[in-house]
Amino acid sequence: MSKNYHEAFEDANKAIEIAPEFSTAYFRRGMALASLKKFQDAIKDFDKAIEFDPTFSRSFLQRGYTFLKLGKADQALEDFKKAASLGNNDAQNYLKKKGIQW
């Protein structure tokens, strides 16, 4: 299974080399890094994805999940709220289950 994450990481690297401001490539590389349990590096890539496309709710959602894995619940909550405000159903459902308004 981890071979696929390494391949996804490499594919995203190639995309970033070709188009350094392609937010989706940073998002995908962040997903691969999070799957490989390289959470700090994943956060950096989600940050870049958000920098280049602050309207893509999934970057906030996945950064939030990654913050949770690092024990940073306050930062995770802020990301879930942002993702929910952008219309992300997964974030909205997560917050509803926790009884949190966004």
# chains A, B, ... in the order shown; residues from 1 in each chain; ligands from 1

$ residues_around --residues "Ala12 in chain A" --least-positions-apart "4" --cutoff "10 Å" --atoms "only C-alpha atoms" --output "PyMOL selection string"
chain A and resi 6-8+16-18+22+24-30+32

$ atom_distance --atom1 "CA of Leu86 in chain A" --atom2 "CA of Thr55 in chain A"
6.8 Å

$ residues_around --residues "Lys44 in chain A" --least-positions-apart "4" --cutoff "12 Å" --atoms "only C-alpha atoms" --output "PDB file with C-alpha atoms, in the first residue's frame"
ATOM      1  CA  TYR A  26       0.412  20.375  -3.340  1.00  0.00           C
ATOM      2  CA  PHE A  27      -2.872  18.991  -2.053  1.00  0.00           C
ATOM      3  CA  ARG A  29       1.396  15.540  -2.243  1.00  0.00           C
ATOM      4  CA  GLY A  30       0.070  16.548   1.181  1.00  0.00           C
ATOM      5  CA  MET A  31      -2.354  13.635   1.082  1.00  0.00           C
ATOM      6  CA  LEU A  33       2.664  12.634   2.985  1.00  0.00           C
ATOM      7  CA  ALA A  34      -0.144  12.361   5.534  1.00  0.00           C
ATOM      8  CA  LYS A  38       4.853  12.626   7.597  1.00  0.00           C
ATOM      9  CA  PHE A  39       2.400  15.013   9.169  1.00  0.00           C
ATOM     10  CA  GLN A  40       4.563  18.145   9.478  1.00  0.00           C
ATOM     11  CA  LYS A  48       0.837  25.835  -0.061  1.00  0.00           C
ATOM     12  CA  ALA A  49      -2.337  24.408  -1.588  1.00  0.00           C
ATOM     13  CA  ILE A  50      -4.379  26.892   0.452  1.00  0.00           C
ATOM     14  CA  GLU A  51      -2.053  29.736  -0.478  1.00  0.00           C
ATOM     15  CA  SER A  59      -7.259  21.436   1.614  1.00  0.00           C
ATOM     16  CA  GLN A  62      -7.354  17.468   5.219  1.00  0.00           C
ATOM     17  CA  ARG A  63      -5.083  19.929   7.009  1.00  0.00           C
ATOM     18  CA  THR A  66      -3.638  16.208   9.937  1.00  0.00           C
ATOM     19  CA  PHE A  67      -3.636  18.730  12.785  1.00  0.00           C
TER      20      PHE A  67
END

$ select_by_dssp --residues "chain A" --states "helix (DSSP H, G or I)" --output "PyMOL selection string"
chain A and resi 2-18+23-35+39-52+57-69+73-85+89-98

$ closest_residue --among "A:Gly99, A:Tyr65, A:Asn13, A:Ser35" --to "Glu78 in chain A" --atoms "only C-alpha atoms"
A:Tyr65

$ residues_around --residues "Ile100 in chain A" --least-positions-apart "4" --cutoff "12 Å" --atoms "only C-alpha atoms" --output "CSV table (one decimal) with C-alpha atoms, in the first residue's frame"
chain,number,residue,atom,x,y,z
A,77,LEU,CA,-11.2,23.0,14.5
A,78,GLU,CA,-10.4,26.3,12.7
A,80,PHE,CA,-12.9,22.3,9.9
A,81,LYS,CA,-14.9,25.6,10.3
A,84,ALA,CA,-17.5,24.0,6.4
A,91,ALA,CA,-16.5,19.2,7.5
A,92,GLN,CA,-20.1,20.2,8.1
A,93,ASN,CA,-21.0,16.7,9.3
A,94,TYR,CA,-18.0,16.5,11.5
A,95,LEU,CA,-18.9,19.8,13.2
A,96,LYS,CA,-22.6,18.8,13.6

$ closest_residue --among "A:Gln75, A:Leu70, A:Asp90, A:Pro20" --to "Phe52 in chain A" --atoms "only C-alpha atoms"
A:Pro20

$ decode --residues "range 3-41 of chain A" --atoms "C-alpha atoms" --output "compact mmCIF listing (two decimals), in the first residue's frame"
# COMPACT_ATOMS: atom_id res chain seq x y z
CA LYS A 3 4.19 2.04 -2.64
CA ASN A 4 1.12 3.81 -4.03
CA TYR A 5 1.67 6.72 -1.64
CA HIS A 6 5.28 7.00 -2.72
CA GLU A 7 4.18 6.99 -6.37
CA ALA A 8 1.56 9.65 -5.63
CA PHE A 9 4.24 11.71 -3.89
CA GLU A 10 6.56 11.42 -6.89
CA ASP A 11 3.77 12.24 -9.35
CA ALA A 12 2.88 15.35 -7.36
CA ASN A 13 6.55 16.39 -7.27
CA LYS A 14 6.68 16.17 -11.07
CA ALA A 15 3.54 18.27 -11.37
CA ILE A 16 4.97 20.90 -9.01
CA GLU A 17 8.18 21.05 -11.08
CA ILE A 18 6.11 21.74 -14.19
CA ALA A 19 3.61 24.11 -12.56
CA PRO A 20 4.91 25.42 -9.22
CA GLU A 21 1.65 27.22 -8.41
CA PHE A 22 -0.65 24.26 -9.12
CA SER A 23 -2.54 23.97 -5.84
CA THR A 24 -3.92 20.50 -6.57
CA ALA A 25 -0.41 19.08 -6.82
CA TYR A 26 0.41 20.38 -3.34
CA PHE A 27 -2.87 18.99 -2.05
CA ARG A 28 -2.16 15.56 -3.52
CA ARG A 29 1.40 15.54 -2.24
CA GLY A 30 0.07 16.55 1.18
CA MET A 31 -2.35 13.64 1.08
CA ALA A 32 0.47 11.25 0.20
CA LEU A 33 2.66 12.63 2.98
CA ALA A 34 -0.14 12.36 5.53
CA SER A 35 -0.71 8.75 4.47
CA LEU A 36 3.00 8.13 5.01
CA LYS A 37 2.63 9.67 8.49
CA LYS A 38 4.85 12.63 7.60
CA PHE A 39 2.40 15.01 9.17
CA GLN A 40 4.56 18.14 9.48
CA ASP A 41 5.50 17.94 5.80
